[in-house]
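> Contents are mmCIF, C-alpha atoms; file name query-v6.cif:
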```cif
data_run
loop_
_atom_site.label_atom_id
_atom_site.label_comp_id
_atom_site.auth_asym_id
_atom_site.auth_seq_id
_atom_site.Cartn_x
_atom_site.Cartn_y
_atom_site.Cartn_z
CA MET R 11 104.66 97.14 125.49
CA VAL R 12 101.33 95.46 124.75
CA ALA R 13 101.26 97.04 121.28
CA VAL R 14 104.80 95.88 120.50
CA LEU R 15 104.18 92.35 121.78
CA GLY R 16 101.18 92.14 119.45
CA LEU R 17 103.50 92.71 116.48
CA ILE R 18 105.79 89.80 117.37
CA ASP R 19 104.76 86.51 115.74
CA ILE R 20 107.27 83.89 116.84
CA PRO R 21 105.55 80.90 115.12
CA ALA R 22 105.53 82.83 111.81
CA ALA R 23 109.23 83.65 112.23
CA ARG R 24 109.99 79.98 112.84
CA ARG R 25 108.08 78.98 109.70
CA LEU R 26 109.93 81.63 107.71
CA ARG R 27 113.25 80.33 108.97
CA ARG R 28 112.29 76.80 107.97
CA TRP R 29 110.94 77.78 104.52
CA ARG R 30 113.51 80.36 103.37
CA ARG R 31 116.40 81.39 105.57
CA SER R 32 117.29 84.51 103.55
CA GLU R 33 113.84 86.01 104.15
CA PHE R 34 114.03 85.13 107.82
CA VAL R 35 117.30 87.06 108.05
CA LEU R 36 115.66 90.03 106.31
CA SER R 37 112.78 89.96 108.77
CA MET R 38 115.20 89.96 111.71
CA VAL R 39 117.15 92.87 110.21
CA ALA R 40 113.91 94.79 109.72
CA PHE R 41 112.90 94.09 113.32
CA ALA R 42 116.30 95.20 114.65
CA GLY R 43 116.27 98.29 112.44
CA VAL R 44 112.86 99.39 113.68
CA ALA R 45 113.80 98.69 117.31
CA LEU R 46 117.15 100.51 117.16
CA LEU R 47 116.66 103.23 114.53
CA GLY R 48 112.95 103.84 114.40
CA VAL R 49 110.15 102.84 112.06
CA LEU R 50 111.14 104.85 108.96
CA TRP R 51 114.82 103.91 109.01
CA GLY R 52 114.08 100.30 109.90
CA VAL R 53 111.51 99.85 107.13
CA GLY R 54 113.76 101.69 104.66
CA ILE R 55 116.68 99.37 105.40
CA ALA R 56 114.42 96.32 105.07
CA ILE R 57 113.13 97.50 101.67
CA ALA R 58 116.66 98.18 100.41
CA LEU R 59 117.89 94.77 101.53
CA SER R 60 114.85 93.07 99.97
CA LEU R 61 115.61 94.69 96.61
CA LEU R 62 119.25 93.63 96.85
CA ASN R 63 118.14 90.10 97.70
CA PHE R 64 115.89 90.06 94.62
CA ILE R 65 118.78 91.15 92.41
CA ARG R 66 121.00 88.50 94.03
CA ARG R 67 118.52 85.76 93.13
CA ALA R 68 118.02 87.13 89.61
CA TRP R 69 121.80 87.41 89.10
CA ARG R 70 122.15 83.63 88.93
CA PRO R 71 118.60 82.37 88.34
CA HIS R 72 117.55 78.79 87.95
CA ASP R 73 117.89 77.49 84.42
CA ALA R 74 117.46 74.11 82.78
CA VAL R 75 118.09 72.03 79.70
CA LEU R 76 114.80 70.43 78.71
CA GLY R 77 114.09 66.95 77.41
CA ARG R 78 111.14 64.73 76.57
CA VAL R 79 109.95 62.44 79.36
CA GLU R 80 107.99 59.29 78.68
CA ASN R 81 104.33 59.51 79.71
CA VAL R 82 104.74 63.13 80.85
CA LYS R 83 103.37 65.89 78.65
CA GLY R 84 105.73 68.65 77.54
CA TYR R 85 109.47 69.12 78.02
CA HIS R 86 111.12 69.02 81.42
CA ASP R 87 114.32 69.71 83.36
CA THR R 88 116.83 66.98 82.59
CA GLU R 89 118.33 67.29 86.09
CA ARG R 90 115.00 66.36 87.64
CA TYR R 91 114.31 63.77 84.95
CA PRO R 92 117.66 62.09 84.16
CA ASP R 93 115.94 59.70 81.71
CA ALA R 94 114.58 62.56 79.57
CA ARG R 95 115.31 62.15 75.87
CA LEU R 96 117.33 64.84 74.12
CA ILE R 97 116.84 65.68 70.45
CA PRO R 98 120.07 65.26 68.45
CA GLY R 99 121.58 68.63 67.63
CA LEU R 100 118.85 70.61 69.43
CA VAL R 101 119.26 72.26 72.84
CA LEU R 102 116.08 73.39 74.61
CA TYR R 103 117.19 75.89 77.24
CA ARG R 104 114.92 77.54 79.82
CA PHE R 105 116.04 80.68 81.68
CA ASP R 106 113.83 81.41 84.69
CA ALA R 107 114.21 85.17 85.05
CA PRO R 108 113.95 88.45 83.15
CA LEU R 109 117.04 89.31 81.12
CA PHE R 110 118.63 92.48 82.46
CA PHE R 111 122.00 94.05 83.20
CA ALA R 112 122.69 91.87 86.22
CA ASN R 113 122.32 88.49 84.51
CA ALA R 114 122.80 89.16 80.78
CA ASP R 115 126.43 88.02 80.79
CA TYR R 116 125.51 84.91 82.79
CA PHE R 117 122.85 84.05 80.18
CA ARG R 118 125.40 84.51 77.41
CA GLU R 119 127.95 82.31 79.20
CA ARG R 120 125.40 79.56 79.76
CA VAL R 121 124.28 79.55 76.13
CA ARG R 122 127.86 79.57 74.88
CA ALA R 123 128.69 76.64 77.18
CA LEU R 124 125.72 74.70 75.80
CA ALA R 125 126.85 75.50 72.26
CA ARG R 126 130.26 73.99 73.01
CA THR R 127 128.83 70.70 74.25
CA GLY R 128 127.77 67.92 71.91
CA ASP R 129 126.73 68.58 68.34
CA ALA R 130 124.46 71.59 68.87
CA ARG R 131 122.92 72.96 65.67
CA TRP R 132 120.03 74.92 67.17
CA ILE R 133 119.62 76.43 70.64
CA VAL R 134 115.99 77.22 71.39
CA VAL R 135 115.37 79.41 74.43
CA ALA R 136 112.16 78.39 76.21
CA ALA R 137 111.38 82.01 76.99
CA GLU R 138 108.03 81.89 78.78
CA PRO R 139 109.63 82.91 82.15
CA ILE R 140 111.46 85.86 80.53
CA LYS R 141 109.12 88.77 81.26
CA ASP R 142 111.45 91.60 80.24
CA ILE R 143 114.67 92.28 78.33
CA ASP R 144 116.46 95.56 79.00
CA THR R 145 118.87 97.44 76.73
CA THR R 146 121.98 95.85 78.25
CA ALA R 147 120.57 92.38 77.61
CA ASP R 148 119.63 93.51 74.10
CA GLU R 149 123.28 94.30 73.33
CA THR R 150 124.32 90.97 74.83
CA LEU R 151 121.83 89.12 72.63
CA ARG R 152 123.16 90.87 69.54
CA ALA R 153 126.71 89.73 70.35
CA LEU R 154 125.50 86.22 71.18
CA VAL R 155 123.67 85.87 67.84
CA ASP R 156 126.83 86.86 65.98
CA GLU R 157 128.98 84.43 67.98
CA LEU R 158 126.63 81.51 67.41
CA GLU R 159 126.24 82.30 63.72
CA ALA R 160 130.02 82.23 63.36
CA ASP R 161 129.90 78.67 64.74
CA GLY R 162 127.02 77.69 62.47
CA ILE R 163 124.49 77.53 65.32
CA VAL R 164 120.98 78.98 65.20
CA LEU R 165 119.56 80.85 68.21
CA ALA R 166 115.77 80.72 68.44
CA PHE R 167 113.05 81.63 70.95
CA ALA R 168 109.85 79.81 71.86
CA GLU R 169 106.90 81.05 73.92
CA LEU R 170 108.28 84.60 74.16
CA LYS R 171 105.65 86.99 75.51
CA ASP R 172 104.30 89.52 73.00
CA PRO R 173 105.39 92.67 74.92
CA VAL R 174 108.94 91.29 75.21
CA HIS R 175 108.92 90.30 71.56
CA ASP R 176 107.79 93.84 70.66
CA GLY R 177 110.80 95.15 72.58
CA LEU R 178 113.15 92.97 70.55
CA ARG R 179 111.60 94.34 67.38
CA HIS R 180 112.17 97.86 68.65
CA TYR R 181 115.79 97.10 69.54
CA GLY R 182 116.40 95.41 66.18
CA VAL R 183 117.32 92.06 67.70
CA HIS R 184 114.28 90.45 66.08
CA ASP R 185 115.74 91.05 62.62
CA ALA R 186 119.15 89.76 63.68
CA ILE R 187 117.65 86.50 64.91
CA GLY R 188 115.15 86.21 62.06
CA ASP R 189 111.36 86.08 62.17
CA GLN R 190 111.47 82.39 61.23
CA HIS R 191 113.24 81.60 64.51
CA PHE R 192 110.50 82.81 66.85
CA PHE R 193 107.97 80.10 67.70
CA PRO R 194 104.68 80.17 69.64
CA THR R 195 105.43 76.89 71.46
CA ILE R 196 108.34 74.57 72.12
CA GLY R 197 106.52 71.86 70.19
CA VAL R 198 106.38 74.02 67.06
CA ALA R 199 110.09 74.83 67.45
CA VAL R 200 110.95 71.13 67.72
CA ALA R 201 108.83 70.24 64.68
CA THR R 202 110.42 73.03 62.63
CA TYR R 203 113.92 71.97 63.64
CA LEU R 204 113.26 68.36 62.65
CA ARG R 205 111.76 69.44 59.33
CA ASP R 206 114.50 71.91 58.42
CA THR R 207 117.45 69.77 59.47
CA GLY R 208 116.17 66.33 58.51
CA VAL R 209 117.09 64.91 61.92
CA GLU R 210 115.38 61.57 62.64
CA TRP R 211 113.64 61.68 66.01
CA ARG R 212 110.27 60.41 67.19
CA ASP R 213 108.27 61.66 70.13
CA TRP R 214 107.06 59.29 72.83
CA GLU R 215 103.49 59.81 71.65
CA ASP R 216 104.45 58.64 68.16
CA ARG R 217 105.81 55.42 69.65
CA ARG R 218 102.68 54.37 71.56
CA PRO R 219 100.97 51.15 70.46
CA ALA R 220 98.24 51.60 67.87
CA HIS R 221 95.44 50.62 70.27
CA ASP R 222 96.60 53.32 72.74
CA ALA R 223 96.62 55.98 70.03
CA SER R 224 93.14 55.08 68.87
CA ALA R 225 91.83 55.08 72.43
CA SER R 226 92.97 58.66 72.89
#
```
Take the structure I supplied and represent it as structure tokens, if you would.


Amino acid sequence: MVAVLGLIDIPAARRLRRWRRSEFVLSMVAFAGVALLGVLWGVGIAIALSLLNFIRRAWRPHDAVLGRVENVKGYHDTERYPDARLIPGLVLYRFDAPLFFANADYFRERVRALARTGDARWIVVAAEPIKDIDTTADETLRALVDELEADGIVLAFAELKDPVHDGLRHYGVHDAIGDQHFFPTIGVAVATYLRDTGVEWRDWEDRRPAHDASAS
């Protein structure tokens, strides 16, 4: 009894419930499994449920359309920054998860929905959070490239990690998208879009007073 009581941390369980309810539920299931079925079965059930919970979160991950925010470096979620400026004809889209069988169709649906809104000419995926692309997602990307090309829309990637980029080369998706549509940074992608399309758009930094620019 003393050994078991030493394993129970009620304050930690309360914090877990306050911070993330799904993980609190998993901890309670693990506790009940160990108490009722034994250590091996209880831990095994907890591991299985944790993996399913990970897939559930990755199935519909957080994503964002990015815009330029005055006096804030970089490009940011337009839902968190409603005043962010959007570049005419350019959609900067960030997908915060690896691309794999569970969420590939969701990614495709989201991109297609963005392509149908406004006057999209390029869709640039801010791909830094994408740490892997499996074969199912590869096939989805191939179909997506063809669909966007039929609508006259370019699909591009920025900040894609080298190992993931190597995988796209191996799959052949790199050639379908075109080497010229992979960019090291979002800033380079934006500059290339403006140059190639002739769209008039000025960054906040370009609009600062002359004395501010010289001071920096």

> Near Leu158 in chain R, counting all atoms listed in the file, which residues have an atom at most 12 Å away, once you skip same-chain residues fewer than 2 positions from it, shown as a PDB file with C-alpha atoms, keeping the file's coordinate frame?


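Final output, result_19.pdb:
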```
ATOM      1  CA  ARG R 118     125.400  84.510  77.410  1.00  0.00           C
ATOM      2  CA  GLU R 119     127.950  82.310  79.200  1.00  0.00           C
ATOM      3  CA  VAL R 121     124.280  79.550  76.130  1.00  0.00           C
ATOM      4  CA  ARG R 122     127.860  79.570  74.880  1.00  0.00           C
ATOM      5  CA  ALA R 123     128.690  76.640  77.180  1.00  0.00           C
ATOM      6  CA  LEU R 124     125.720  74.700  75.800  1.00  0.00           C
ATOM      7  CA  ALA R 125     126.850  75.500  72.260  1.00  0.00           C
ATOM      8  CA  ARG R 126     130.260  73.990  73.010  1.00  0.00           C
ATOM      9  CA  ALA R 130     124.460  71.590  68.870  1.00  0.00           C
ATOM     10  CA  ARG R 131     122.920  72.960  65.670  1.00  0.00           C
ATOM     11  CA  TRP R 132     120.030  74.920  67.170  1.00  0.00           C
ATOM     12  CA  ILE R 133     119.620  76.430  70.640  1.00  0.00           C
ATOM     13  CA  LEU R 151     121.830  89.120  72.630  1.00  0.00           C
ATOM     14  CA  ARG R 152     123.160  90.870  69.540  1.00  0.00           C
ATOM     15  CA  ALA R 153     126.710  89.730  70.350  1.00  0.00           C
ATOM     16  CA  LEU R 154     125.500  86.220  71.180  1.00  0.00           C
ATOM     17  CA  VAL R 155     123.670  85.870  67.840  1.00  0.00           C
ATOM     18  CA  ASP R 156     126.830  86.860  65.980  1.00  0.00           C
ATOM     19  CA  ALA R 160     130.020  82.230  63.360  1.00  0.00           C
ATOM     20  CA  ASP R 161     129.900  78.670  64.740  1.00  0.00           C
ATOM     21  CA  GLY R 162     127.020  77.690  62.470  1.00  0.00           C
ATOM     22  CA  ILE R 163     124.490  77.530  65.320  1.00  0.00           C
ATOM     23  CA  VAL R 164     120.980  78.980  65.200  1.00  0.00           C
ATOM     24  CA  LEU R 165     119.560  80.850  68.210  1.00  0.00           C
ATOM     25  CA  ALA R 166     115.770  80.720  68.440  1.00  0.00           C
ATOM     26  CA  ALA R 186     119.150  89.760  63.680  1.00  0.00           C
ATOM     27  CA  ILE R 187     117.650  86.500  64.910  1.00  0.00           C
TER      28      ILE R 187
END
```

> Run the PyMOL selection byres ((chain R and resi 192) around 6) against the file shown and list the residues it catches, as a PyMOL selection string.

chain R and resi 166-168+189-191+193

> Write a file of the just-selected residues containing C-alpha atoms, as a PDB file, in the coordinates of the input.


```
ATOM      1  CA  ALA R 166     115.770  80.720  68.440  1.00  0.00           C
ATOM      2  CA  PHE R 167     113.050  81.630  70.950  1.00  0.00           C
ATOM      3  CA  ALA R 168     109.850  79.810  71.860  1.00  0.00           C
ATOM      4  CA  ASP R 189     111.360  86.080  62.170  1.00  0.00           C
ATOM      5  CA  GLN R 190     111.470  82.390  61.230  1.00  0.00           C
ATOM      6  CA  HIS R 191     113.240  81.600  64.510  1.00  0.00           C
ATOM      7  CA  PHE R 193     107.970  80.100  67.700  1.00  0.00           C
TER       8      PHE R 193
END
```

> Considering only C-alpha atoms, can you say which of R:Leu50, R:Ala74, R:Ala94, R:Ala58 comes closest to Val135 in chain R?

R:Ala74

> Rounded to one decimal, what separation in Å do you get between CA of Val183 in chain R and CA of Arg66 in chain R?

26.8 Å

> I'd like the interatomic distance between CA of Gly197 in chain R and CA of Ala107 in chain R, to a tenth of an Å.

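Between CA of Gly197 in chain R and CA of Ala107 in chain R the gap is 21.4 Å.
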
> Let me know the residues the PyMOL selection byres ((chain R and resi 200) around 12) catches in the file above, as a PyMOL selection string.

chain R and resi 76-78+84-85+96-102+132-136+166-168+191-199+201-213

> Can you spit out the residues from that selection as a PDB file, keeping the file's coordinate frame, using C-alpha atoms?


```
ATOM      1  CA  LEU R  76     114.800  70.430  78.710  1.00  0.00           C
ATOM      2  CA  GLY R  77     114.090  66.950  77.410  1.00  0.00           C
ATOM      3  CA  ARG R  78     111.140  64.730  76.570  1.00  0.00           C
ATOM      4  CA  GLY R  84     105.730  68.650  77.540  1.00  0.00           C
ATOM      5  CA  TYR R  85     109.470  69.120  78.020  1.00  0.00           C
ATOM      6  CA  LEU R  96     117.330  64.840  74.120  1.00  0.00           C
ATOM      7  CA  ILE R  97     116.840  65.680  70.450  1.00  0.00           C
ATOM      8  CA  PRO R  98     120.070  65.260  68.450  1.00  0.00           C
ATOM      9  CA  GLY R  99     121.580  68.630  67.630  1.00  0.00           C
ATOM     10  CA  LEU R 100     118.850  70.610  69.430  1.00  0.00           C
ATOM     11  CA  VAL R 101     119.260  72.260  72.840  1.00  0.00           C
ATOM     12  CA  LEU R 102     116.080  73.390  74.610  1.00  0.00           C
ATOM     13  CA  TRP R 132     120.030  74.920  67.170  1.00  0.00           C
ATOM     14  CA  ILE R 133     119.620  76.430  70.640  1.00  0.00           C
ATOM     15  CA  VAL R 134     115.990  77.220  71.390  1.00  0.00           C
ATOM     16  CA  VAL R 135     115.370  79.410  74.430  1.00  0.00           C
ATOM     17  CA  ALA R 136     112.160  78.390  76.210  1.00  0.00           C
ATOM     18  CA  ALA R 166     115.770  80.720  68.440  1.00  0.00           C
ATOM     19  CA  PHE R 167     113.050  81.630  70.950  1.00  0.00           C
ATOM     20  CA  ALA R 168     109.850  79.810  71.860  1.00  0.00           C
ATOM     21  CA  HIS R 191     113.240  81.600  64.510  1.00  0.00           C
ATOM     22  CA  PHE R 192     110.500  82.810  66.850  1.00  0.00           C
ATOM     23  CA  PHE R 193     107.970  80.100  67.700  1.00  0.00           C
ATOM     24  CA  PRO R 194     104.680  80.170  69.640  1.00  0.00           C
ATOM     25  CA  THR R 195     105.430  76.890  71.460  1.00  0.00           C
ATOM     26  CA  ILE R 196     108.340  74.570  72.120  1.00  0.00           C
ATOM     27  CA  GLY R 197     106.520  71.860  70.190  1.00  0.00           C
ATOM     28  CA  VAL R 198     106.380  74.020  67.060  1.00  0.00           C
ATOM     29  CA  ALA R 199     110.090  74.830  67.450  1.00  0.00           C
ATOM     30  CA  ALA R 201     108.830  70.240  64.680  1.00  0.00           C
ATOM     31  CA  THR R 202     110.420  73.030  62.630  1.00  0.00           C
ATOM     32  CA  TYR R 203     113.920  71.970  63.640  1.00  0.00           C
ATOM     33  CA  LEU R 204     113.260  68.360  62.650  1.00  0.00           C
ATOM     34  CA  ARG R 205     111.760  69.440  59.330  1.00  0.00           C
ATOM     35  CA  ASP R 206     114.500  71.910  58.420  1.00  0.00           C
ATOM     36  CA  THR R 207     117.450  69.770  59.470  1.00  0.00           C
ATOM     37  CA  GLY R 208     116.170  66.330  58.510  1.00  0.00           C
ATOM     38  CA  VAL R 209     117.090  64.910  61.920  1.00  0.00           C
ATOM     39  CA  GLU R 210     115.380  61.570  62.640  1.00  0.00           C
ATOM     40  CA  TRP R 211     113.640  61.680  66.010  1.00  0.00           C
ATOM     41  CA  ARG R 212     110.270  60.410  67.190  1.00  0.00           C
ATOM     42  CA  ASP R 213     108.270  61.660  70.130  1.00  0.00           C
TER      43      ASP R 213
END
```

> Some atoms are absent from range 81-92 of chain R, so rebuild N, CA, C and O atoms and return them as a compact mmCIF listing (two decimals), keeping the file's coordinate frame.


```txt
# COMPACT_ATOMS: atom_id res chain seq x y z
N ASN R 81 105.60 59.46 79.00
CA ASN R 81 104.33 59.51 79.71
C ASN R 81 104.12 60.81 80.49
O ASN R 81 103.24 60.87 81.36
N VAL R 82 104.92 61.82 80.23
CA VAL R 82 104.74 63.13 80.85
C VAL R 82 104.65 64.17 79.74
O VAL R 82 105.56 64.28 78.91
N LYS R 83 103.58 64.93 79.71
CA LYS R 83 103.37 65.89 78.65
C LYS R 83 104.37 67.03 78.74
O LYS R 83 104.70 67.51 79.81
N GLY R 84 104.85 67.49 77.59
CA GLY R 84 105.73 68.65 77.54
C GLY R 84 107.20 68.26 77.64
O GLY R 84 107.58 67.10 77.52
N TYR R 85 108.02 69.29 77.91
CA TYR R 85 109.47 69.12 78.02
C TYR R 85 109.90 69.57 79.41
O TYR R 85 109.42 70.59 79.92
N HIS R 86 110.85 68.84 80.00
CA HIS R 86 111.12 69.02 81.42
C HIS R 86 112.62 69.03 81.71
O HIS R 86 113.43 68.56 80.91
N ASP R 87 112.94 69.55 82.89
CA ASP R 87 114.32 69.71 83.36
C ASP R 87 115.02 68.36 83.39
O ASP R 87 114.58 67.43 84.08
N THR R 88 116.13 68.25 82.66
CA THR R 88 116.83 66.98 82.59
C THR R 88 117.54 66.64 83.91
O THR R 88 117.88 65.48 84.13
N GLU R 89 117.75 67.61 84.79
CA GLU R 89 118.33 67.29 86.09
C GLU R 89 117.31 66.60 86.98
O GLU R 89 117.66 65.73 87.77
N ARG R 90 116.05 67.00 86.87
CA ARG R 90 115.00 66.36 87.64
C ARG R 90 114.53 65.06 87.00
O ARG R 90 113.99 64.19 87.67
N TYR R 91 114.69 64.97 85.69
CA TYR R 91 114.31 63.77 84.95
C TYR R 91 115.54 63.27 84.18
O TYR R 91 115.68 63.55 82.98
N PRO R 92 116.42 62.53 84.82
CA PRO R 92 117.66 62.09 84.16
C PRO R 92 117.41 61.22 82.93
O PRO R 92 118.28 61.12 82.05
```
